[in-house]
Amino acid sequence: MAIKRLVKFNLPLILASAVLSMLIVLAIFDFGRQTVSEPPADQCLTCHGDERDMSAAHPNKVFGCAKCHLGNPLVADKKIAHQGMVKNPSDLHWVHKTCGQAGCHPQWAARVPKSIMTTNSGLVASTLYQWEEKATPDDSTLHIAHLPDTSLATSHLRKMCAGCHINKPTGDLPGEFGERGGGCNDCHLVQTDSTQHPALTVQISIAVCEKCHNRSDRTGLTYQGKFESEGYGTPFKQGSFSDRTLSGNRFYYHILPDVHFEKGMVCIDCHPAEDVMGDGRKYAHLEEQVHVRCETCHQAQFEKPPAEHLVWKAIKSNPALSAPLDSLLVRAGKNIYLSNVFQKNGQVVLVRKIDGRELTVQQNQNRTECGMPGHDRLSCQSCHSAYTPQCYGCHDVYDPRQKQLDKVSLKETEGRWSEGRSYLRFEEPTLGVDARGRIMPFAPGCQVYLTVLDKKGRVQKEARYLTMAPFDPHSTRLKVPQCEDCHQSAKRLGLGEGVLRLEDGALKSQALYDAPRAALGNCAPEQMVDVEGRPTQKMSRVKARPFNALEIRKIFRVSYCLICHDRADDVVYNDFGQSVRRFNQDKTLPCNRLAEERP
């Protein structure tokens with residue numbers, strides 16, 4: 001009874017003490033939030049508390065570990081806590097649970113899986129079309145990781161090309177292919193030799209982009225002035241091979257880089273997030289996903305993005321950038337803005353995203369050369385691209401007697417591919433008309449001389465698949481070719497290396513070398529069209545095409561006038577059609593005498 005009476009008598013005191021204790025604890029935690037470090041966000045930090053923050057935007061004390069790596073953060077038992085964990089939270093197979101969860105980056109987690117960087121749809125469709133296994137090179141629904149192994153083309157893609165998309169896990173393949181993939185981390189993770197947790201960054205260096213963009217169109221190399229050599233390792237250094245090496249035991253020479261590279265600009269200084277990670281739509285080809293144009297900066301149009309637009313988060317997350325919410329930004333496309341181009345003191349200024357240095361952007365308005373009749377379809381690249389990487393004639397051999405790693409299934413399967421390059425050149429580009437109707441540089445869109453062996457090692461099939469593709473080589477220079485460099489050039493007009501001339505009013509093209517005798521086929525690998533306007537190889541876009549016969553003739557006829565009329569503002573070019581009619585009608589013009597004397 002005494003005990004019961006004591007408990008009954010002290011109950012109010014006990015309750016008061018409990019409430020006071022709770023208030024003290026809450027006060028301590030509240031004080032801690034203001035002046036002292038917070039308690040661990042999850043139990044993971046009990047063991048991993050010495051890990052450094054991934055970035056200023058991802059402090060460990062706020063996010064903990066399980067927010068990204070999953071697992072069970074509420075228990076201290078290691079085995080139970082680690083159940084369901086993922087090593088790479090950004091892997092696209094579960095990114096919707098990690099980086100893409102509400103309050104983090106759900107927009108990008110939804111967009112990236114649809115991007116060209118993930119699907120490689122253009123590469124897949126163009127190859128299937130080129131190898132005569134598909135009716136069109138334009139198909140945004142294709143995905144390189146979902147290709148069946150049912151044909152020569154799909155076998156080639158799975159074994160030779162499937163190691164470069166970010167949908168694949170990182171570390172799944174040997175060598176350089178294992179360094180690619182892994183979703184967001186493929187670009188945003190800073191790889192180091194430290195035992196600490198790697199850092200995350202939005203300041204992506206060229207080296208990260210070059211990791212993938214060093215083959216095929218080679219824009220990552222061209223931009224930096226790296227010319228892939230033929231593999232001899234020259235120039236030798238101290239009795240050994242050159243130390244200028246690329247992945248895959250390749251070498252390079254230094255040549256003239258892009259003018260933007262000389263200004264210290266990296267890829268992300270031009271390309272906004274939507275160009276790289278996509279805008280949520282599926283595209284058939286890379287240039288459809290890339291929204292920025294030369295005119296975006298050099299004929300800048302400013303407007304104020306909505307307050308909820310992702311560009312403001314991009315500015316806030318990059319320590320090199322700053323802009324108040326009422327700033328005007330350059331518009332790069334529908335609902336797409338550049339986070340680093342502003343107006344300042346009446347000038348257009350680009351801020352480098354790596355170091356914050358400001359560069360003044362020259363505005364190109366109403367230049368005579370750009371606006372003259374006949375030049376209205378010219379892209380900036382058609383004149384300002386100093387050269388284009390041109391890899392002609394890959395010899396692909398398929399041997400069914402051997403096995404090779406399938407980069408999709410990660411298993412060795414029957415059939416082995418070997419590839420030998422014919423020759424690589426960095427020369428003036430061939431020009432043609434892209435899918436948008438602009439005149440653009442063209443380059444080999446993968447040119448295959450195919451040999452298929454049978455089970456006894458005998459040649460079963462030989463085929464020649466030549467394709468050209470429009471693209472931006474990223475070799476921009478201020479100096480442009482002279483007028484005659486295009487108007488007199490068989491190569492620029494898509495006719496291949498050779499000489500153009502008129503014979504009895506008919507245009508003739510004399511090839512520099514005999515392609516049939518060189519066993520290259522009926523035409524040279526760089527030739528897209530003949531003088532009659534007939535295409536000599538396929539285009540990797542449905543609407544892309546070489547110049548037709550009329551366009552070739554119109555372009556070439558200007559070359560006769562350039563002897564005297566070599567300025568863009570010459571009155572003869574105000575209405576060139578009228579000038580030609582006058583030339584044909586008035587035989588007393590000095591031009592007629594010169595035309596008769598010219599061979």
# chains A, B, ... in the order shown; residues from 1 in each chain; ligands from 1
call {"tool": "residues_around", "arguments": {"residues": "Val459 in chain A", "least_positions_apart": "6", "cutoff": "10 Å", "atoms": "only C-alpha atoms", "output": "list in words"}}
result
Val397, Tyr398, Asp399, Thr451, Val452 and Leu453 of chain A
call {"tool": "residues_around", "arguments": {"residues": "Ser475 in chain A", "least_positions_apart": "2", "cutoff": "8 Å", "atoms": "only C-alpha atoms", "output": "list in words"}}
result
Thr222, Tyr223, Gly225, Pro257, Asp258, Val259, His384, Ser385, Ala386, Tyr387, Thr388, Pro473 and Arg477 of chain A
call {"tool": "residues_around", "arguments": {"residues": "Leu189 in chain A", "least_positions_apart": "3", "cutoff": "12 Å", "atoms": "only C-alpha atoms", "output": "PDB file with N, CA and C atoms, in the first residue's frame"}}
result
ATOM      1  N   MET A  54      29.579  15.513 -50.835  1.00  0.00           N
ATOM      2  CA  MET A  54      29.698  15.315 -52.289  1.00  0.00           C
ATOM      3  C   MET A  54      29.806  16.653 -53.018  1.00  0.00           C
ATOM      4  N   SER A  55      29.051  17.636 -52.550  1.00  0.00           N
ATOM      5  CA  SER A  55      29.088  18.987 -53.112  1.00  0.00           C
ATOM      6  C   SER A  55      28.404  19.905 -52.128  1.00  0.00           C
ATOM      7  N   ASN A  88      25.700   2.862 -57.210  1.00  0.00           N
ATOM      8  CA  ASN A  88      25.603   4.045 -58.064  1.00  0.00           C
ATOM      9  C   ASN A  88      24.156   4.519 -58.113  1.00  0.00           C
ATOM     10  N   PRO A  89      23.801   5.535 -57.336  1.00  0.00           N
ATOM     11  CA  PRO A  89      22.406   5.998 -57.318  1.00  0.00           C
ATOM     12  C   PRO A  89      21.919   6.528 -58.667  1.00  0.00           C
ATOM     13  N   SER A  90      22.848   6.982 -59.515  1.00  0.00           N
ATOM     14  CA  SER A  90      22.421   7.630 -60.755  1.00  0.00           C
ATOM     15  C   SER A  90      22.203   6.652 -61.901  1.00  0.00           C
ATOM     16  N   THR A 170      28.169   1.336 -65.223  1.00  0.00           N
ATOM     17  CA  THR A 170      29.594   1.619 -65.278  1.00  0.00           C
ATOM     18  C   THR A 170      30.370   0.423 -64.722  1.00  0.00           C
ATOM     19  N   GLU A 179      34.508   2.602 -68.378  1.00  0.00           N
ATOM     20  CA  GLU A 179      34.512   3.931 -67.776  1.00  0.00           C
ATOM     21  C   GLU A 179      33.295   4.745 -68.181  1.00  0.00           C
ATOM     22  N   ARG A 180      32.586   4.262 -69.196  1.00  0.00           N
ATOM     23  CA  ARG A 180      31.411   4.998 -69.678  1.00  0.00           C
ATOM     24  C   ARG A 180      30.144   4.416 -69.059  1.00  0.00           C
ATOM     25  N   GLY A 181      29.080   5.190 -69.130  1.00  0.00           N
ATOM     26  CA  GLY A 181      27.800   4.730 -68.619  1.00  0.00           C
ATOM     27  C   GLY A 181      27.599   5.116 -67.174  1.00  0.00           C
ATOM     28  N   GLY A 182      26.560   4.547 -66.566  1.00  0.00           N
ATOM     29  CA  GLY A 182      26.273   4.833 -65.168  1.00  0.00           C
ATOM     30  C   GLY A 182      25.325   5.982 -64.952  1.00  0.00           C
ATOM     31  N   GLY A 183      24.614   6.411 -66.014  1.00  0.00           N
ATOM     32  CA  GLY A 183      23.644   7.485 -65.851  1.00  0.00           C
ATOM     33  C   GLY A 183      24.284   8.828 -65.579  1.00  0.00           C
ATOM     34  N   CYS A 184      23.721   9.571 -64.624  1.00  0.00           N
ATOM     35  CA  CYS A 184      24.159  10.943 -64.342  1.00  0.00           C
ATOM     36  C   CYS A 184      25.641  11.004 -63.988  1.00  0.00           C
ATOM     37  N   ASN A 185      26.123   9.987 -63.262  1.00  0.00           N
ATOM     38  CA  ASN A 185      27.515   9.998 -62.809  1.00  0.00           C
ATOM     39  C   ASN A 185      28.516   9.955 -63.951  1.00  0.00           C
ATOM     40  N   ASP A 186      28.102   9.510 -65.122  1.00  0.00           N
ATOM     41  CA  ASP A 186      29.015   9.448 -66.259  1.00  0.00           C
ATOM     42  C   ASP A 186      29.619  10.817 -66.535  1.00  0.00           C
ATOM     43  N   THR A 192      38.445  10.312 -58.663  1.00  0.00           N
ATOM     44  CA  THR A 192      39.747  10.535 -58.019  1.00  0.00           C
ATOM     45  C   THR A 192      40.257   9.205 -57.459  1.00  0.00           C
ATOM     46  N   HIS A 197      34.449   9.603 -50.502  1.00  0.00           N
ATOM     47  CA  HIS A 197      33.355   9.591 -51.472  1.00  0.00           C
ATOM     48  C   HIS A 197      33.666  10.583 -52.595  1.00  0.00           C
ATOM     49  N   PRO A 198      33.534  10.180 -53.874  1.00  0.00           N
ATOM     50  CA  PRO A 198      33.798  11.115 -54.978  1.00  0.00           C
ATOM     51  C   PRO A 198      32.870  12.322 -54.908  1.00  0.00           C
ATOM     52  N   ALA A 199      33.343  13.421 -55.445  1.00  0.00           N
ATOM     53  CA  ALA A 199      32.552  14.645 -55.458  1.00  0.00           C
ATOM     54  C   ALA A 199      31.632  14.683 -56.676  1.00  0.00           C
ATOM     55  N   LEU A 200      30.600  15.503 -56.598  1.00  0.00           N
ATOM     56  CA  LEU A 200      29.705  15.767 -57.714  1.00  0.00           C
ATOM     57  C   LEU A 200      29.935  17.192 -58.201  1.00  0.00           C
ATOM     58  N   THR A 201      29.767  17.418 -59.490  1.00  0.00           N
ATOM     59  CA  THR A 201      29.984  18.755 -60.043  1.00  0.00           C
ATOM     60  C   THR A 201      29.056  19.016 -61.213  1.00  0.00           C
ATOM     61  N   VAL A 202      28.745  20.276 -61.425  1.00  0.00           N
ATOM     62  CA  VAL A 202      28.042  20.704 -62.640  1.00  0.00           C
ATOM     63  C   VAL A 202      29.011  21.396 -63.588  1.00  0.00           C
ATOM     64  N   GLN A 203      30.259  21.556 -63.160  1.00  0.00           N
ATOM     65  CA  GLN A 203      31.284  22.205 -63.981  1.00  0.00           C
ATOM     66  C   GLN A 203      32.034  21.122 -64.763  1.00  0.00           C
ATOM     67  N   ILE A 204      31.426  20.695 -65.854  1.00  0.00           N
ATOM     68  CA  ILE A 204      31.909  19.547 -66.618  1.00  0.00           C
ATOM     69  C   ILE A 204      33.073  19.968 -67.519  1.00  0.00           C
ATOM     70  N   SER A 205      34.198  19.277 -67.415  1.00  0.00           N
ATOM     71  CA  SER A 205      35.371  19.615 -68.218  1.00  0.00           C
ATOM     72  C   SER A 205      35.297  18.977 -69.601  1.00  0.00           C
ATOM     73  N   VAL A 208      35.779  15.130 -69.816  1.00  0.00           N
ATOM     74  CA  VAL A 208      34.606  14.280 -69.604  1.00  0.00           C
ATOM     75  C   VAL A 208      33.876  14.059 -70.924  1.00  0.00           C
TER      76      VAL A 208
END
call {"tool": "select_by_dssp", "arguments": {"residues": "range 167-348 of chain A", "states": "strand (DSSP E or B)", "output": "PyMOL selection string"}}
result
chain A and resi 189-190+199-200+226-228+237+240+245-246+250-254+302-303+329-333+336-337+341-344+347-348
call {"tool": "residues_around", "arguments": {"residues": "range 425-434 of chain A", "least_positions_apart": "2", "cutoff": "8 Å", "atoms": "only C-alpha atoms", "output": "VMD selection string"}}
result
chain A and resid 227 382 385 to 391 423 436 to 443 470 491 to 494 526 541 543 to 547
call {"tool": "select_by_dssp", "arguments": {"residues": "range 144-210 of chain A", "states": "alpha helix (DSSP H)", "output": "number ranges by chain"}}
result
A: 152-156, 185-188, 206-210
call {"tool": "residues_around", "arguments": {"residues": "range 499-513 of chain A", "least_positions_apart": "2", "cutoff": "12 Å", "atoms": "only C-alpha atoms", "output": "compact mmCIF listing (two decimals) with N, CA and C atoms, in the first residue's frame"}}
result
# COMPACT_ATOMS: atom_id res chain seq x y z
N CYS A 486 35.08 27.67 -102.81
CA CYS A 486 33.84 26.89 -102.88
C CYS A 486 33.30 26.82 -104.30
N HIS A 487 33.25 27.96 -104.97
CA HIS A 487 32.58 28.02 -106.27
C HIS A 487 33.35 27.28 -107.37
N GLN A 488 34.63 27.02 -107.15
CA GLN A 488 35.42 26.28 -108.13
C GLN A 488 35.79 24.88 -107.67
N SER A 489 35.36 24.50 -106.48
CA SER A 489 35.83 23.25 -105.87
C SER A 489 34.87 22.10 -106.12
N ALA A 490 35.35 21.09 -106.81
CA ALA A 490 34.54 19.88 -107.01
C ALA A 490 34.27 19.20 -105.67
N LYS A 491 35.26 19.20 -104.78
CA LYS A 491 35.11 18.56 -103.48
C LYS A 491 34.02 19.24 -102.66
N ARG A 492 34.03 20.57 -102.61
CA ARG A 492 33.02 21.28 -101.82
C ARG A 492 31.63 21.06 -102.37
N LEU A 493 31.50 20.90 -103.66
CA LEU A 493 30.18 20.72 -104.28
C LEU A 493 29.69 19.28 -104.20
N GLY A 494 30.47 18.41 -103.58
CA GLY A 494 30.05 17.03 -103.40
C GLY A 494 30.43 16.10 -104.53
N LEU A 495 31.27 16.58 -105.47
CA LEU A 495 31.65 15.78 -106.64
C LEU A 495 32.94 14.99 -106.42
N GLY A 496 33.53 15.11 -105.25
CA GLY A 496 34.76 14.39 -104.97
C GLY A 496 35.98 15.19 -105.41
N GLU A 497 37.15 14.72 -105.00
CA GLU A 497 38.39 15.39 -105.40
C GLU A 497 38.53 15.36 -106.91
N ALA A 515 38.73 5.64 -108.97
CA ALA A 515 38.19 4.85 -107.86
C ALA A 515 37.98 3.39 -108.23
N PRO A 516 37.42 3.07 -109.41
CA PRO A 516 37.24 1.65 -109.75
C PRO A 516 38.56 0.88 -109.80
N ARG A 517 39.61 1.48 -110.38
CA ARG A 517 40.89 0.78 -110.44
C ARG A 517 41.52 0.62 -109.06
N ALA A 518 41.15 1.51 -108.14
CA ALA A 518 41.64 1.41 -106.77
C ALA A 518 40.78 0.48 -105.93
N ALA A 519 39.83 -0.20 -106.58
CA ALA A 519 38.94 -1.17 -105.91
C ALA A 519 38.06 -0.50 -104.85
N LEU A 520 37.73 0.78 -105.07
CA LEU A 520 36.88 1.51 -104.14
C LEU A 520 35.42 1.55 -104.56
N ASN A 522 32.42 2.29 -107.76
CA ASN A 522 32.18 3.10 -108.96
C ASN A 522 32.51 4.57 -108.78
N CYS A 523 32.68 5.01 -107.53
CA CYS A 523 33.01 6.42 -107.29
C CYS A 523 33.90 6.52 -106.07
N ALA A 524 34.51 7.67 -105.91
CA ALA A 524 35.38 7.91 -104.77
C ALA A 524 34.55 7.97 -103.48
N PRO A 525 35.09 7.57 -102.34
CA PRO A 525 34.32 7.56 -101.10
C PRO A 525 33.82 8.94 -100.68
N GLU A 526 34.53 10.01 -101.09
CA GLU A 526 34.10 11.35 -100.69
C GLU A 526 33.07 11.96 -101.65
N GLN A 527 32.76 11.27 -102.73
CA GLN A 527 31.81 11.82 -103.71
C GLN A 527 30.38 11.50 -103.30
N VAL A 529 27.64 12.96 -105.17
CA VAL A 529 26.74 13.20 -106.29
C VAL A 529 27.58 13.33 -107.56
N ASP A 530 26.95 13.07 -108.72
CA ASP A 530 27.64 13.31 -109.99
C ASP A 530 27.14 14.63 -110.59
N VAL A 531 27.72 15.04 -111.71
CA VAL A 531 27.38 16.35 -112.29
C VAL A 531 25.94 16.40 -112.79
N GLU A 532 25.32 15.25 -112.95
CA GLU A 532 23.92 15.20 -113.37
C GLU A 532 22.97 15.27 -112.18
N GLY A 533 23.54 15.38 -110.97
CA GLY A 533 22.71 15.49 -109.78
C GLY A 533 22.24 14.17 -109.22
N ALA A 549 21.62 18.99 -109.68
CA ALA A 549 22.36 19.42 -110.87
C ALA A 549 22.24 20.93 -111.09
N LEU A 550 21.04 21.48 -110.90
CA LEU A 550 20.84 22.91 -111.10
C LEU A 550 21.64 23.72 -110.08
N ILE A 552 24.36 22.80 -108.49
CA ILE A 552 25.79 22.68 -108.79
C ILE A 552 26.17 23.64 -109.92
N ARG A 553 25.35 23.68 -110.93
CA ARG A 553 25.66 24.56 -112.07
C ARG A 553 25.60 26.03 -111.67
N LYS A 554 24.61 26.41 -110.87
CA LYS A 554 24.48 27.79 -110.44
C LYS A 554 25.66 28.22 -109.56
N ILE A 555 26.09 27.33 -108.67
CA ILE A 555 27.21 27.65 -107.79
C ILE A 555 28.49 27.79 -108.61
N PHE A 556 28.69 26.87 -109.54
CA PHE A 556 29.93 26.87 -110.30
C PHE A 556 30.02 28.07 -111.25
N ARG A 557 28.88 28.49 -111.82
CA ARG A 557 28.95 29.57 -112.82
C ARG A 557 29.43 30.88 -112.21
N SER A 559 31.94 31.20 -110.42
CA SER A 559 33.41 31.21 -110.44
C SER A 559 33.96 31.99 -111.62
N TYR A 560 33.23 32.04 -112.75
CA TYR A 560 33.68 32.78 -113.92
C TYR A 560 33.67 34.28 -113.68
N ALA A 595 35.59 34.89 -121.05
CA ALA A 595 35.02 33.55 -121.04
C ALA A 595 35.49 32.74 -122.23
N GLU A 596 35.65 33.40 -123.38
CA GLU A 596 36.13 32.69 -124.57
C GLU A 596 37.59 32.27 -124.42
N ARG A 598 39.05 31.55 -121.58
CA ARG A 598 39.25 30.61 -120.47
C ARG A 598 38.98 29.19 -120.95
N PRO A 599 39.86 28.25 -120.63
CA PRO A 599 39.67 26.86 -121.07
C PRO A 599 38.49 26.23 -120.35
call {"tool": "residues_around", "arguments": {"residues": "Gln362 in chain A", "least_positions_apart": "2", "cutoff": "12 Å", "atoms": "only C-alpha atoms", "output": "list in words"}}
result
Cys294, Glu295, Thr296, Cys297, His298, Gln299, Ala300, Gly346, Gln347, Val348, Val349, Leu350, Leu359, Thr360, Asn364, Gln365 and Leu478 of chain A
call {"tool": "atom_distance", "arguments": {"atom1": "CA of Trp312 in chain A", "atom2": "CA of Tyr337 in chain A"}}
result
9.7 Å
call {"tool": "residues_around", "arguments": {"residues": "Glu288 in chain A", "least_positions_apart": "6", "cutoff": "10 Å", "atoms": "only C-alpha atoms", "output": "number ranges by chain"}}
result
A: 116, 275, 282, 435-436
call {"tool": "write_last_selection", "arguments": {"atoms": "N, CA and C atoms", "output": "PDB file, in the first residue's frame"}}
result
ATOM      1  N   ILE A 116      19.287  11.346 -76.668  1.00  0.00           N
ATOM      2  CA  ILE A 116      20.167  10.666 -77.619  1.00  0.00           C
ATOM      3  C   ILE A 116      21.357  10.034 -76.907  1.00  0.00           C
ATOM      4  N   ASP A 275      20.491  20.515 -74.300  1.00  0.00           N
ATOM      5  CA  ASP A 275      21.233  19.998 -75.457  1.00  0.00           C
ATOM      6  C   ASP A 275      21.827  18.627 -75.162  1.00  0.00           C
ATOM      7  N   LYS A 282      11.756  12.483 -77.508  1.00  0.00           N
ATOM      8  CA  LYS A 282      12.670  11.583 -78.192  1.00  0.00           C
ATOM      9  C   LYS A 282      12.980  12.138 -79.574  1.00  0.00           C
ATOM     10  N   ALA A 435      18.706  18.358 -93.268  1.00  0.00           N
ATOM     11  CA  ALA A 435      17.277  18.076 -93.173  1.00  0.00           C
ATOM     12  C   ALA A 435      16.446  19.331 -92.955  1.00  0.00           C
ATOM     13  N   ARG A 436      17.073  20.419 -92.499  1.00  0.00           N
ATOM     14  CA  ARG A 436      16.356  21.682 -92.297  1.00  0.00           C
ATOM     15  C   ARG A 436      16.440  22.592 -93.514  1.00  0.00           C
TER      16      ARG A 436
END
call {"tool": "closest_residue", "arguments": {"among": "A:Lys353, A:His375, A:His285, A:Lys403", "to": "Pro137 in chain A", "atoms": "only C-alpha atoms"}}
result
A:His285
call {"tool": "closest_residue", "arguments": {"among": "A:Leu123, A:Met117, A:Leu128, A:Leu589", "to": "Cys209 in chain A", "atoms": "only C-alpha atoms"}}
result
A:Met117
